[in-house]
Structures are given as structure tokens and as C-alpha cells.
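A.B. asks: Just so it is clear, I am handing over coords.txt, which has compact mmCIF, C-alpha atoms and all ligand atoms.
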```
# COMPACT_ATOMS: atom_id res chain seq x y z
CA MET U 1 -15.45 -72.38 13.17
CA LYS U 2 -13.33 -69.54 11.76
CA LEU U 3 -15.30 -67.48 9.26
CA PHE U 4 -12.52 -65.08 8.33
CA SER U 5 -8.89 -66.07 8.28
CA LYS U 6 -5.98 -63.60 8.20
CA PRO U 7 -4.39 -63.11 4.77
CA HIS U 8 -1.47 -65.45 4.28
CA ARG U 9 1.66 -63.91 5.81
CA PRO U 10 4.90 -65.37 4.40
CA HIS U 11 7.21 -66.64 7.15
CA PHE U 12 10.02 -64.32 6.05
CA LEU U 13 7.91 -61.34 7.07
CA GLU U 14 7.96 -62.40 10.73
CA ASP U 15 11.53 -61.10 11.17
CA VAL U 16 10.70 -57.91 9.25
CA SER U 17 7.90 -57.23 11.70
CA LEU U 18 10.13 -57.96 14.71
CA ILE U 19 12.95 -55.71 13.50
CA PHE U 20 10.73 -52.74 12.75
CA GLY U 21 8.92 -53.21 16.05
CA HIS U 22 12.25 -53.16 17.85
CA ARG U 23 13.38 -50.03 15.95
CA VAL U 24 10.31 -47.97 16.76
CA ARG U 25 10.38 -49.02 20.41
CA LYS U 26 14.03 -47.96 20.60
CA TYR U 27 14.01 -44.76 18.49
CA GLY U 28 10.36 -43.71 18.61
CA ARG U 29 8.66 -41.62 15.93
CA THR U 30 11.87 -40.66 14.16
CA PRO U 31 13.40 -41.63 10.78
CA ALA U 32 15.74 -43.98 12.67
CA GLY U 33 12.63 -45.65 14.09
CA VAL U 34 11.76 -46.83 10.55
CA LEU U 35 15.38 -47.52 9.55
CA TRP U 36 15.89 -44.35 7.50
CA LYS U 37 19.26 -42.60 7.77
CA ASN U 38 17.80 -39.13 8.16
CA SER U 39 14.68 -37.03 7.77
CA GLU U 40 15.98 -35.29 4.61
CA GLY U 41 15.91 -38.61 2.74
CA GLN U 42 12.52 -39.58 4.17
CA GLN U 43 11.03 -36.21 3.14
CA LEU U 44 12.63 -36.31 -0.31
CA ARG U 45 11.04 -39.72 -0.90
CA PHE U 46 7.65 -38.30 0.10
CA GLU U 47 8.10 -35.27 -2.19
CA LEU U 48 8.91 -37.54 -5.11
CA LEU U 49 6.05 -39.95 -4.42
CA ALA U 50 3.62 -37.06 -4.09
CA GLY U 51 4.56 -36.08 -7.66
CA ILE U 52 1.92 -38.59 -8.75
CA LEU U 53 -0.67 -36.12 -7.43
CA ASP U 54 0.51 -33.33 -9.75
CA GLY U 55 -2.26 -32.09 -11.96
CA LEU U 56 -5.06 -32.74 -9.47
CA PRO U 57 -7.56 -29.89 -9.24
CA VAL U 58 -6.84 -27.38 -6.46
CA SER U 59 -8.36 -28.51 -3.15
CA ALA U 60 -8.98 -31.99 -4.47
CA THR U 61 -10.64 -34.59 -2.30
CA ILE U 62 -8.67 -37.81 -2.47
CA SER U 63 -8.28 -41.09 -0.65
CA VAL U 64 -4.86 -42.60 0.00
CA ASN U 65 -3.67 -46.04 1.01
CA ASP U 66 -0.16 -46.12 2.54
CA PHE U 67 1.37 -49.62 2.52
CA GLY U 68 4.00 -49.93 5.27
CA CYS U 69 3.03 -46.63 6.84
CA GLY U 70 5.43 -46.86 9.79
CA TYR U 71 4.54 -44.27 12.43
CA GLY U 72 2.51 -42.16 9.97
CA ALA U 73 5.11 -39.72 8.63
CA LEU U 74 3.57 -39.72 5.13
CA TYR U 75 0.18 -38.80 6.54
CA GLU U 76 1.74 -35.77 8.22
CA PHE U 77 3.58 -34.83 5.01
CA LEU U 78 0.44 -35.07 2.86
CA GLY U 79 -1.64 -33.27 5.45
CA ASN U 80 0.72 -30.29 5.18
CA LEU U 81 0.32 -29.98 1.41
CA PRO U 82 -1.82 -26.88 0.81
CA SER U 83 -3.37 -28.46 -2.29
CA LEU U 84 -4.84 -31.41 -0.38
CA ALA U 85 -7.84 -29.90 1.33
CA ASP U 86 -9.63 -33.09 2.00
CA LEU U 87 -7.59 -36.22 2.49
CA THR U 88 -8.88 -39.57 3.61
CA TYR U 89 -5.98 -41.77 4.61
CA THR U 90 -5.51 -45.42 5.55
CA GLY U 91 -2.09 -46.59 6.68
CA ILE U 92 -1.33 -50.25 7.29
CA ASP U 93 1.78 -51.77 8.77
CA ILE U 94 2.89 -55.27 9.63
CA SER U 95 4.24 -54.04 12.95
CA GLY U 96 1.75 -53.45 15.74
CA ASP U 97 4.33 -51.25 17.47
CA MET U 98 4.44 -48.95 14.44
CA ILE U 99 0.68 -48.70 14.39
CA ASN U 100 0.59 -47.93 18.11
CA ALA U 101 3.18 -45.17 17.59
CA ALA U 102 1.09 -43.70 14.76
CA LYS U 103 -2.18 -43.84 16.68
CA LYS U 104 -0.65 -42.32 19.79
CA GLN U 105 0.33 -39.19 17.90
CA ILE U 106 -2.18 -38.83 15.06
CA LYS U 107 -5.75 -38.41 16.19
CA SER U 108 -7.32 -37.05 12.99
CA LYS U 109 -10.71 -38.50 12.11
CA ASN U 110 -9.53 -38.66 8.48
CA ALA U 111 -6.72 -41.08 9.26
CA ILE U 112 -7.04 -44.79 9.96
CA PHE U 113 -4.04 -46.84 11.07
CA LYS U 114 -4.26 -50.60 11.16
CA GLU U 115 -1.92 -53.54 11.77
CA ALA U 116 -2.34 -55.47 8.50
CA ILE U 117 -0.60 -56.58 5.32
CA GLN U 118 -3.55 -56.02 2.96
CA PHE U 119 -5.98 -53.17 2.52
CA ASP U 120 -9.68 -53.82 3.02
CA SER U 121 -10.76 -51.16 0.54
CA PRO U 122 -9.40 -49.42 -2.55
CA ALA U 123 -8.20 -45.81 -2.57
CA ASP U 124 -7.54 -43.26 -5.30
CA PHE U 125 -3.80 -43.33 -4.69
CA THR U 126 -1.52 -45.93 -3.13
CA PHE U 127 1.92 -45.09 -1.74
CA VAL U 128 4.74 -47.43 -0.76
CA SER U 129 7.93 -45.96 0.67
CA GLY U 130 10.71 -48.24 1.84
CA THR U 131 8.41 -51.18 2.50
CA PHE U 132 10.14 -53.51 0.05
CA ASN U 133 13.71 -52.73 1.18
CA LEU U 134 14.40 -55.00 4.16
CA LYS U 135 14.32 -58.66 3.21
CA ILE U 136 16.76 -59.92 5.89
CA ASP U 137 17.70 -63.45 4.82
CA ALA U 138 14.87 -64.18 2.38
CA ALA U 139 16.21 -65.45 -0.94
CA ASP U 140 16.24 -62.77 -3.66
CA VAL U 141 14.00 -64.84 -5.90
CA LEU U 142 11.40 -65.28 -3.15
CA TRP U 143 11.49 -61.59 -2.31
CA ASN U 144 11.15 -60.61 -5.95
CA ASP U 145 8.03 -62.80 -6.24
CA TYR U 146 6.61 -61.41 -3.02
CA VAL U 147 7.11 -57.79 -4.15
CA LYS U 148 5.49 -58.44 -7.51
CA SER U 149 2.48 -60.23 -6.08
CA THR U 150 2.08 -57.46 -3.51
CA LEU U 151 2.20 -54.82 -6.26
CA ARG U 152 -0.44 -56.75 -8.19
CA ASP U 153 -2.68 -56.76 -5.14
CA LEU U 154 -2.07 -53.07 -4.41
CA TRP U 155 -2.86 -52.17 -8.02
CA LEU U 156 -6.21 -53.96 -7.80
CA LYS U 157 -7.06 -51.64 -4.91
CA THR U 158 -5.86 -48.44 -6.60
CA ASN U 159 -8.36 -46.28 -8.51
CA LYS U 160 -6.01 -43.66 -9.96
CA GLY U 161 -2.33 -44.12 -9.26
CA LEU U 162 0.27 -46.13 -7.39
CA ALA U 163 3.71 -44.74 -6.46
CA PHE U 164 6.45 -46.83 -4.89
CA ASN U 165 10.21 -46.80 -4.39
CA MET U 166 12.86 -49.49 -4.16
CA LEU U 167 16.63 -49.62 -3.64
CA ASP U 168 18.50 -49.52 -6.93
CA LYS U 169 20.48 -52.56 -8.00
CA ASN U 170 22.85 -50.35 -10.00
CA HIS U 171 24.02 -48.50 -6.95
CA HIS U 172 24.79 -51.26 -4.50
CA ASP U 173 24.25 -54.90 -3.87
CA ARG U 174 25.87 -55.38 -0.56
CA GLY U 175 24.31 -58.60 0.63
CA ASP U 176 23.29 -56.76 3.79
CA GLY U 177 19.73 -57.97 4.26
CA LEU U 178 18.40 -55.32 1.87
CA TYR U 179 16.81 -55.99 -1.50
CA TYR U 180 18.20 -54.09 -4.50
CA ALA U 181 15.84 -54.07 -7.44
CA ASP U 182 16.39 -53.70 -11.15
CA ALA U 183 14.46 -50.61 -12.30
CA THR U 184 14.09 -51.84 -15.89
CA GLU U 185 12.67 -55.16 -14.76
CA PHE U 186 10.08 -53.44 -12.54
CA LEU U 187 9.26 -50.89 -15.22
CA ASP U 188 8.48 -53.77 -17.60
CA PHE U 189 6.51 -55.55 -14.90
CA CYS U 190 4.42 -52.45 -14.13
CA SER U 191 3.81 -51.84 -17.83
CA GLU U 192 1.61 -54.95 -17.71
CA PHE U 193 -0.80 -52.98 -15.50
CA SER U 194 -0.99 -49.76 -17.48
CA ASN U 195 0.43 -47.85 -20.43
CA ASP U 196 1.10 -44.91 -18.17
CA VAL U 197 4.19 -45.85 -16.17
CA THR U 198 6.97 -43.44 -15.17
CA LEU U 199 10.41 -44.16 -13.71
CA ILE U 200 12.25 -41.53 -11.68
CA ASN U 201 15.87 -42.38 -10.99
CA ASP U 202 17.66 -39.06 -11.07
CA TYR U 203 17.61 -38.09 -7.43
CA PRO U 204 20.38 -38.21 -4.83
CA LEU U 205 19.37 -41.46 -3.11
CA ASP U 206 20.43 -44.98 -4.11
CA GLU U 207 16.92 -45.83 -5.23
CA TRP U 208 14.30 -45.30 -7.86
CA THR U 209 10.60 -44.45 -7.84
CA ILE U 210 7.87 -45.70 -10.16
CA PHE U 211 4.44 -44.18 -10.82
CA ILE U 212 1.66 -46.27 -12.37
CA ARG U 213 -1.41 -44.34 -13.42
CA ARG U 214 -4.73 -45.60 -14.75
C1 LIG J 301 11.48 -48.36 5.85
S1 LIG J 301 9.98 -48.35 6.80
C2 LIG J 301 9.17 -46.93 6.06
C3 LIG J 301 7.98 -46.43 6.82
C4 LIG J 301 7.24 -45.29 6.14
N1 LIG J 301 6.76 -45.69 4.83
C5 LIG J 301 8.12 -44.08 6.05
O1 LIG J 301 8.68 -43.82 4.97
O2 LIG J 301 8.26 -43.38 7.07
C6 LIG J 301 9.04 -49.71 6.13
C7 LIG J 301 7.77 -50.04 6.89
O3 LIG J 301 7.06 -51.05 6.19
C8 LIG J 301 6.53 -51.98 7.11
N2 LIG J 301 6.33 -53.24 6.38
C9 LIG J 301 7.28 -54.04 5.85
N3 LIG J 301 6.72 -55.07 5.19
C10 LIG J 301 5.37 -54.91 5.30
C11 LIG J 301 4.24 -55.64 4.81
N4 LIG J 301 4.38 -56.74 4.09
N5 LIG J 301 3.00 -55.20 5.11
C12 LIG J 301 2.84 -54.09 5.86
N6 LIG J 301 3.87 -53.35 6.34
C13 LIG J 301 5.12 -53.74 6.05
C14 LIG J 301 7.56 -52.03 8.23
O4 LIG J 301 7.03 -52.52 9.44
C15 LIG J 301 8.00 -50.55 8.30
O5 LIG J 301 7.21 -49.83 9.20
```
Write out the structure in this file as C-alpha cells.

C.D. replies:
Amino acid sequence: MKLFSKPHRPHFLEDVSLIFGHRVRKYGRTPAGVLWKNSEGQQLRFELLAGILDGLPVSATISVNDFGCGYGALYEFLGNLPSLADLTYTGIDISGDMINAAKKQIKSKNAIFKEAIQFDSPADFTFVSGTFNLKIDAADVLWNDYVKSTLRDLWLKTNKGLAFNMLDKNHHDRGDGLYYADATEFLDFCSEFSNDVTLINDYPLDEWTIFIRR
């Protein structure tokens, strides 16, 4: 008898997992390995997302959940922030190859990497960078539902703040296997969770970032 079953994994995520696995095997621990164009964009996304930490006391001790952590680039970024003296980090990814790449390089006792699509435990802050972008041939309506139910679940496991980015519908909608999201729609959606919701859409990438704070 099975006592614990895996969380339900929608069939359209199978291809997502395969593609990212293939990318990291081919390009290794590089931005191309997680389908980013370059490291400048990847780092800019991290800088923006980390804005949700502004105002924390100096040398704060925080816990972070990173949903779709890839090979662990956000962990390295956060670890280099002088203000984060004591960081406890959990990164999950649907791709076992990504998790292997992260574990191979990052040996810190403060970092856990796990192949999963749901966190076991809450954290102070949750980050999501690029994880909702590649939908392949999933219907937009299905993907929209999946993103929203995932955000709901992530919010339940977030003690202080959740920061995520998505591709912006106003910039492009190329029908290229990527999902372009309407910032206003997601801002309204996130306002159901909290009164403290911020949209950032004035940066030189075709995307937007939302912060939700408790
Ligand atoms: C564009 S990459 C970004 C990786 C990392 N956040 C970064 O910025 O370097 C998106 C990552 O999300 C992972 N991913 C996609 N859907 C996921 C899901 N439902 N659960 C967990 N990981 C997922 C992919 O395997 C991939 O590693």
C-alpha cells in the first residue's frame, strides 16, 4: 500500500521537465542551460526579485524557497548579498538534471536542492524566476489556471513575501511555446491574497515582476 503519493503533476509539465533537462545537460550551469539569453538578464531578474527583501534589518536571518531553482543561480546571488548573513535556502525543480547540476556545485549546509514541484515547508520569502514562462503546447487557459493555482499554493507556504516574474503580454505574444501574461490580471489576482501587492514593469526586459507581502 502506498502511504504517500507524489503531488499531482499535470501532463503538460512532462515536456517542460524534458526540455530543461536537455538544456542543462547540453549547456551546463550557464544561463543558456536554463533557457535565458544571457547572464545580464538573469542577474537583473534576481536584483529585482531581491527588492522584496529591502527594509530587512542588517544581517537578517531569513529562509527562502526558490520555485524552479534551475542549477541554483539564485542561491549564489543571494549568498553574495552582504546584508544576508544567515540564509536558509530550499530550491526545488521539476528537472532531476537541474537538481543534480545544483548539488554538484553547491555544497553549503544551508542549501537544500530537491527534485519536486511542491515545497514541504514554508519559508519567509518565496522566489519564482522564469518558472512560468515555458508552456510548450499547453493551452493558454490551462496554463493560466496552473500558474494561479501554483501561486495560491506558494502563498500558503510563504510567511513574509512572494516575488515572481512572468513574460509580459504587452510586449510580445509570439505563439512560440512561451506564456505571456497580463500584468493587470495577475495584479488583481494577487490582490486577493494581500493588500500589499507591487508591480514592477519598468525594466529593460519583456516581463514584469510582482511582490506580494503579508
Ligand atoms: C527559466 S528556468 C529558470 C531557473 C532559475 N530560476 C534561474 O533563474 O536561473 C525555469 C526553471 O523552472 C523549472 N520548472 C518549470 N516548471 C516547474 C514546476 N512546475 N515545478 C518545479 N520546477 C519547474 C525548470 O525545470 C527550470 O529549471

A.B. asks: Could you give me, as JSON, numbers by chain, every polymer residue with an atom at most 7 Å away from an atom of ligand LIG 301 (chain J), counting only C-alpha atoms and all ligand atoms?

C.D. replies: {"U": [13, 16, 17, 20, 21, 31, 34, 35, 36, 42, 67, 68, 69, 70, 71, 72, 73, 74, 92, 93, 94, 95, 98, 116, 117, 118, 128, 129, 130, 131, 132, 133]}

A.B. asks: Using all atoms listed in the file, determine which residues lie at most 10 Å from Asp137 in chain U, disregarding the query and same-chain residues fewer than 6 positions distant; provide the list as an NGL selection string.

C.D. replies: :U and (12 or 15-16 or 143 or 175-179)

A.B. asks: For the selection just defined, write its residues with C-alpha atoms to a file, as a tab-separated table (two decimals), keeping the file's coordinate frame.

C.D. replies:
```
chain	number	residue	atom	x	y	z
U	12	PHE	CA	10.02	-64.32	6.05
U	15	ASP	CA	11.53	-61.10	11.17
U	16	VAL	CA	10.70	-57.91	9.25
U	143	TRP	CA	11.49	-61.59	-2.31
U	175	GLY	CA	24.31	-58.60	0.63
U	176	ASP	CA	23.29	-56.76	3.79
U	177	GLY	CA	19.73	-57.97	4.26
U	178	LEU	CA	18.40	-55.32	1.87
U	179	TYR	CA	16.81	-55.99	-1.50
```

A.B. asks: Using all atoms listed in the file, which residues sit within 7 Å of Ile210 in chain U once same-chain residues fewer than 2 positions away are excluded, as a list of chain:residue names?

C.D. replies: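 Near Ile210 in chain U, the qualifying residues are U:Ala163, U:Phe164, U:Asn165, U:Thr198, U:Leu199, U:Ile200, U:Trp208, U:Ile212.
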
A.B. asks: What is the CA of Ser63 in chain U-CA of Asp86 in chain U distance in Å, reported with one decimal?

C.D. replies: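 Rounded to one decimal, the two atoms are 8.5 Å apart.
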
A.B. asks: Have a look at U:Lys148, U:His172, U:Lys135, U:Lys107 and name the one nearest to Leu205 in chain U; count all atoms listed in the file.

C.D. replies: U:His172

A.B. asks: Distance CA of Phe127 in chain U-CA of Lys169 in chain U, one decimal place?

C.D. replies: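 So the two atoms, CA of Phe127 in chain U and CA of Lys169 in chain U, lie 21.0 Å apart.
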
A.B. asks: Find the residues near Tyr75 in chain U: any atom within 9 Å, counting only C-alpha atoms, skip ones fewer than 5 places away on the same chain, and give them as an NGL selection string.

C.D. replies: :U and (66 or 69 or 80 or 89-91 or 106 or 111)

A.B. asks: Which is closer to Gly79 in chain U than all the others in U:Asn195, U:Asn159, U:Asn144, U:Ser108, using only C-alpha atoms?

C.D. replies: U:Ser108

A.B. asks: How far is it from CA of Thr158 in chain U to CA of Arg213 in chain U, in Å with one decimal?

C.D. replies: 9.1 Å

A.B. asks: Would you mind telling me which residue in U:Asp202, U:Asp168, U:Glu192, U:Asp120 lies nearest to Leu151 in chain U when using all atoms listed in the file?

C.D. replies: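 Closest to Leu151 in chain U, using all atoms listed in the file: U:Glu192.
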
A.B. asks: For Glu207 in chain U, which residue out of U:His171, U:Lys26, U:His11, U:Lys104 is the nearest one, using only C-alpha atoms?

C.D. replies: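 Using only C-alpha atoms, Glu207 in chain U sits closest to U:His171.
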
A.B. asks: Which is closest to Asn170 in chain U among U:Leu187, U:Ser83, U:Asn201, U:Val64, if we use only C-alpha atoms?

C.D. replies: U:Asn201

A.B. asks: Between U:Leu78, U:Cys190, U:Thr209, U:Arg25, which has the minimum distance to Ile99 in chain U (counting only C-alpha atoms)?

C.D. replies: U:Arg25

A.B. asks: For Glu40 in chain U, please output as an MDAnalysis selection string all residues within 12 Å (counting all atoms listed in the file; exclusion window: fewer than 5 positions along the same chain).

C.D. replies: chainID U and resid 30:32 45:47 204:205

A.B. asks: Can I get range 18-54 of chain U with N, CA and C atoms filled in, as a PDB file, in the coordinates of the input?

C.D. replies:
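Once written, part_16.pdb looks like this:
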```pdb
ATOM      1  N   LEU U  18       9.405 -58.047  13.427  1.00  0.00           N
ATOM      2  CA  LEU U  18      10.130 -57.960  14.710  1.00  0.00           C
ATOM      3  C   LEU U  18      11.158 -56.834  14.685  1.00  0.00           C
ATOM      4  N   ILE U  19      11.889 -56.732  13.566  1.00  0.00           N
ATOM      5  CA  ILE U  19      12.950 -55.710  13.500  1.00  0.00           C
ATOM      6  C   ILE U  19      12.368 -54.308  13.525  1.00  0.00           C
ATOM      7  N   PHE U  20      11.313 -54.087  12.741  1.00  0.00           N
ATOM      8  CA  PHE U  20      10.730 -52.740  12.750  1.00  0.00           C
ATOM      9  C   PHE U  20      10.096 -52.420  14.105  1.00  0.00           C
ATOM     10  N   GLY U  21       9.495 -53.426  14.714  1.00  0.00           N
ATOM     11  CA  GLY U  21       8.920 -53.210  16.050  1.00  0.00           C
ATOM     12  C   GLY U  21      10.000 -52.781  17.033  1.00  0.00           C
ATOM     13  N   HIS U  22      11.131 -53.474  16.969  1.00  0.00           N
ATOM     14  CA  HIS U  22      12.250 -53.160  17.850  1.00  0.00           C
ATOM     15  C   HIS U  22      12.751 -51.735  17.597  1.00  0.00           C
ATOM     16  N   ARG U  23      12.856 -51.366  16.303  1.00  0.00           N
ATOM     17  CA  ARG U  23      13.380 -50.030  15.950  1.00  0.00           C
ATOM     18  C   ARG U  23      12.490 -48.926  16.509  1.00  0.00           C
ATOM     19  N   VAL U  24      11.186 -49.071  16.329  1.00  0.00           N
ATOM     20  CA  VAL U  24      10.310 -47.970  16.760  1.00  0.00           C
ATOM     21  C   VAL U  24      10.226 -47.906  18.293  1.00  0.00           C
ATOM     22  N   ARG U  25      10.369 -49.064  18.942  1.00  0.00           N
ATOM     23  CA  ARG U  25      10.380 -49.020  20.410  1.00  0.00           C
ATOM     24  C   ARG U  25      11.648 -48.330  20.896  1.00  0.00           C
ATOM     25  N   LYS U  26      12.753 -48.538  20.171  1.00  0.00           N
ATOM     26  CA  LYS U  26      14.030 -47.960  20.600  1.00  0.00           C
ATOM     27  C   LYS U  26      14.157 -46.470  20.225  1.00  0.00           C
ATOM     28  N   TYR U  27      13.747 -46.124  18.983  1.00  0.00           N
ATOM     29  CA  TYR U  27      14.010 -44.760  18.490  1.00  0.00           C
ATOM     30  C   TYR U  27      12.757 -43.900  18.393  1.00  0.00           C
ATOM     31  N   GLY U  28      11.590 -44.492  18.629  1.00  0.00           N
ATOM     32  CA  GLY U  28      10.360 -43.710  18.610  1.00  0.00           C
ATOM     33  C   GLY U  28       9.987 -43.219  17.223  1.00  0.00           C
ATOM     34  N   ARG U  29       9.174 -42.161  17.196  1.00  0.00           N
ATOM     35  CA  ARG U  29       8.660 -41.620  15.930  1.00  0.00           C
ATOM     36  C   ARG U  29       9.709 -40.744  15.262  1.00  0.00           C
ATOM     37  N   THR U  30      10.773 -41.365  14.820  1.00  0.00           N
ATOM     38  CA  THR U  30      11.870 -40.660  14.160  1.00  0.00           C
ATOM     39  C   THR U  30      12.242 -41.467  12.912  1.00  0.00           C
ATOM     40  N   PRO U  31      12.955 -40.855  11.948  1.00  0.00           N
ATOM     41  CA  PRO U  31      13.400 -41.630  10.780  1.00  0.00           C
ATOM     42  C   PRO U  31      14.166 -42.886  11.191  1.00  0.00           C
ATOM     43  N   ALA U  32      14.996 -42.786  12.223  1.00  0.00           N
ATOM     44  CA  ALA U  32      15.740 -43.980  12.670  1.00  0.00           C
ATOM     45  C   ALA U  32      14.785 -45.079  13.130  1.00  0.00           C
ATOM     46  N   GLY U  33      13.637 -44.692  13.623  1.00  0.00           N
ATOM     47  CA  GLY U  33      12.630 -45.650  14.090  1.00  0.00           C
ATOM     48  C   GLY U  33      12.068 -46.502  12.960  1.00  0.00           C
ATOM     49  N   VAL U  34      12.202 -46.018  11.703  1.00  0.00           N
ATOM     50  CA  VAL U  34      11.760 -46.830  10.550  1.00  0.00           C
ATOM     51  C   VAL U  34      12.949 -47.174   9.646  1.00  0.00           C
ATOM     52  N   LEU U  35      14.145 -47.113  10.250  1.00  0.00           N
ATOM     53  CA  LEU U  35      15.380 -47.520   9.550  1.00  0.00           C
ATOM     54  C   LEU U  35      15.787 -46.589   8.411  1.00  0.00           C
ATOM     55  N   TRP U  36      15.352 -45.318   8.459  1.00  0.00           N
ATOM     56  CA  TRP U  36      15.890 -44.350   7.500  1.00  0.00           C
ATOM     57  C   TRP U  36      17.106 -43.669   8.123  1.00  0.00           C
ATOM     58  N   LYS U  37      18.047 -43.242   7.249  1.00  0.00           N
ATOM     59  CA  LYS U  37      19.260 -42.600   7.770  1.00  0.00           C
ATOM     60  C   LYS U  37      18.969 -41.228   8.340  1.00  0.00           C
ATOM     61  N   ASN U  38      18.083 -40.490   7.697  1.00  0.00           N
ATOM     62  CA  ASN U  38      17.800 -39.130   8.160  1.00  0.00           C
ATOM     63  C   ASN U  38      16.450 -38.649   7.635  1.00  0.00           C
ATOM     64  N   SER U  39      16.001 -37.518   8.169  1.00  0.00           N
ATOM     65  CA  SER U  39      14.680 -37.030   7.770  1.00  0.00           C
ATOM     66  C   SER U  39      14.720 -36.394   6.381  1.00  0.00           C
ATOM     67  N   GLU U  40      15.893 -35.881   5.963  1.00  0.00           N
ATOM     68  CA  GLU U  40      15.980 -35.290   4.610  1.00  0.00           C
ATOM     69  C   GLU U  40      15.615 -36.338   3.558  1.00  0.00           C
ATOM     70  N   GLY U  41      16.190 -37.542   3.703  1.00  0.00           N
ATOM     71  CA  GLY U  41      15.910 -38.610   2.740  1.00  0.00           C
ATOM     72  C   GLY U  41      14.454 -39.031   2.802  1.00  0.00           C
ATOM     73  N   GLN U  42      13.929 -39.165   4.006  1.00  0.00           N
ATOM     74  CA  GLN U  42      12.520 -39.580   4.170  1.00  0.00           C
ATOM     75  C   GLN U  42      11.595 -38.557   3.503  1.00  0.00           C
ATOM     76  N   GLN U  43      11.884 -37.258   3.718  1.00  0.00           N
ATOM     77  CA  GLN U  43      11.030 -36.210   3.140  1.00  0.00           C
ATOM     78  C   GLN U  43      11.178 -36.142   1.629  1.00  0.00           C
ATOM     79  N   LEU U  44      12.422 -36.324   1.137  1.00  0.00           N
ATOM     80  CA  LEU U  44      12.630 -36.310  -0.310  1.00  0.00           C
ATOM     81  C   LEU U  44      11.827 -37.437  -0.978  1.00  0.00           C
ATOM     82  N   ARG U  45      11.836 -38.600  -0.363  1.00  0.00           N
ATOM     83  CA  ARG U  45      11.040 -39.720  -0.900  1.00  0.00           C
ATOM     84  C   ARG U  45       9.564 -39.323  -0.983  1.00  0.00           C
ATOM     85  N   PHE U  46       9.070 -38.700   0.081  1.00  0.00           N
ATOM     86  CA  PHE U  46       7.650 -38.300   0.100  1.00  0.00           C
ATOM     87  C   PHE U  46       7.372 -37.279  -1.007  1.00  0.00           C
ATOM     88  N   GLU U  47       8.304 -36.295  -1.154  1.00  0.00           N
ATOM     89  CA  GLU U  47       8.100 -35.270  -2.190  1.00  0.00           C
ATOM     90  C   GLU U  47       8.012 -35.911  -3.567  1.00  0.00           C
ATOM     91  N   LEU U  48       8.909 -36.866  -3.802  1.00  0.00           N
ATOM     92  CA  LEU U  48       8.910 -37.540  -5.110  1.00  0.00           C
ATOM     93  C   LEU U  48       7.630 -38.340  -5.306  1.00  0.00           C
ATOM     94  N   LEU U  49       7.260 -39.123  -4.302  1.00  0.00           N
ATOM     95  CA  LEU U  49       6.050 -39.950  -4.420  1.00  0.00           C
ATOM     96  C   LEU U  49       4.823 -39.075  -4.661  1.00  0.00           C
ATOM     97  N   ALA U  50       4.786 -37.941  -3.966  1.00  0.00           N
ATOM     98  CA  ALA U  50       3.620 -37.060  -4.090  1.00  0.00           C
ATOM     99  C   ALA U  50       3.544 -36.437  -5.484  1.00  0.00           C
ATOM    100  N   GLY U  51       4.587 -36.555  -6.271  1.00  0.00           N
ATOM    101  CA  GLY U  51       4.560 -36.080  -7.660  1.00  0.00           C
ATOM    102  C   GLY U  51       3.439 -36.739  -8.456  1.00  0.00           C
ATOM    103  N   ILE U  52       3.005 -37.915  -8.020  1.00  0.00           N
ATOM    104  CA  ILE U  52       1.920 -38.590  -8.750  1.00  0.00           C
ATOM    105  C   ILE U  52       0.601 -37.823  -8.613  1.00  0.00           C
ATOM    106  N   LEU U  53       0.557 -36.907  -7.637  1.00  0.00           N
ATOM    107  CA  LEU U  53      -0.670 -36.120  -7.430  1.00  0.00           C
ATOM    108  C   LEU U  53      -0.683 -34.851  -8.274  1.00  0.00           C
ATOM    109  N   ASP U  54       0.441 -34.553  -8.942  1.00  0.00           N
ATOM    110  CA  ASP U  54       0.510 -33.330  -9.750  1.00  0.00           C
ATOM    111  C   ASP U  54      -0.625 -33.341 -10.778  1.00  0.00           C
TER     112      ASP U  54
END
```
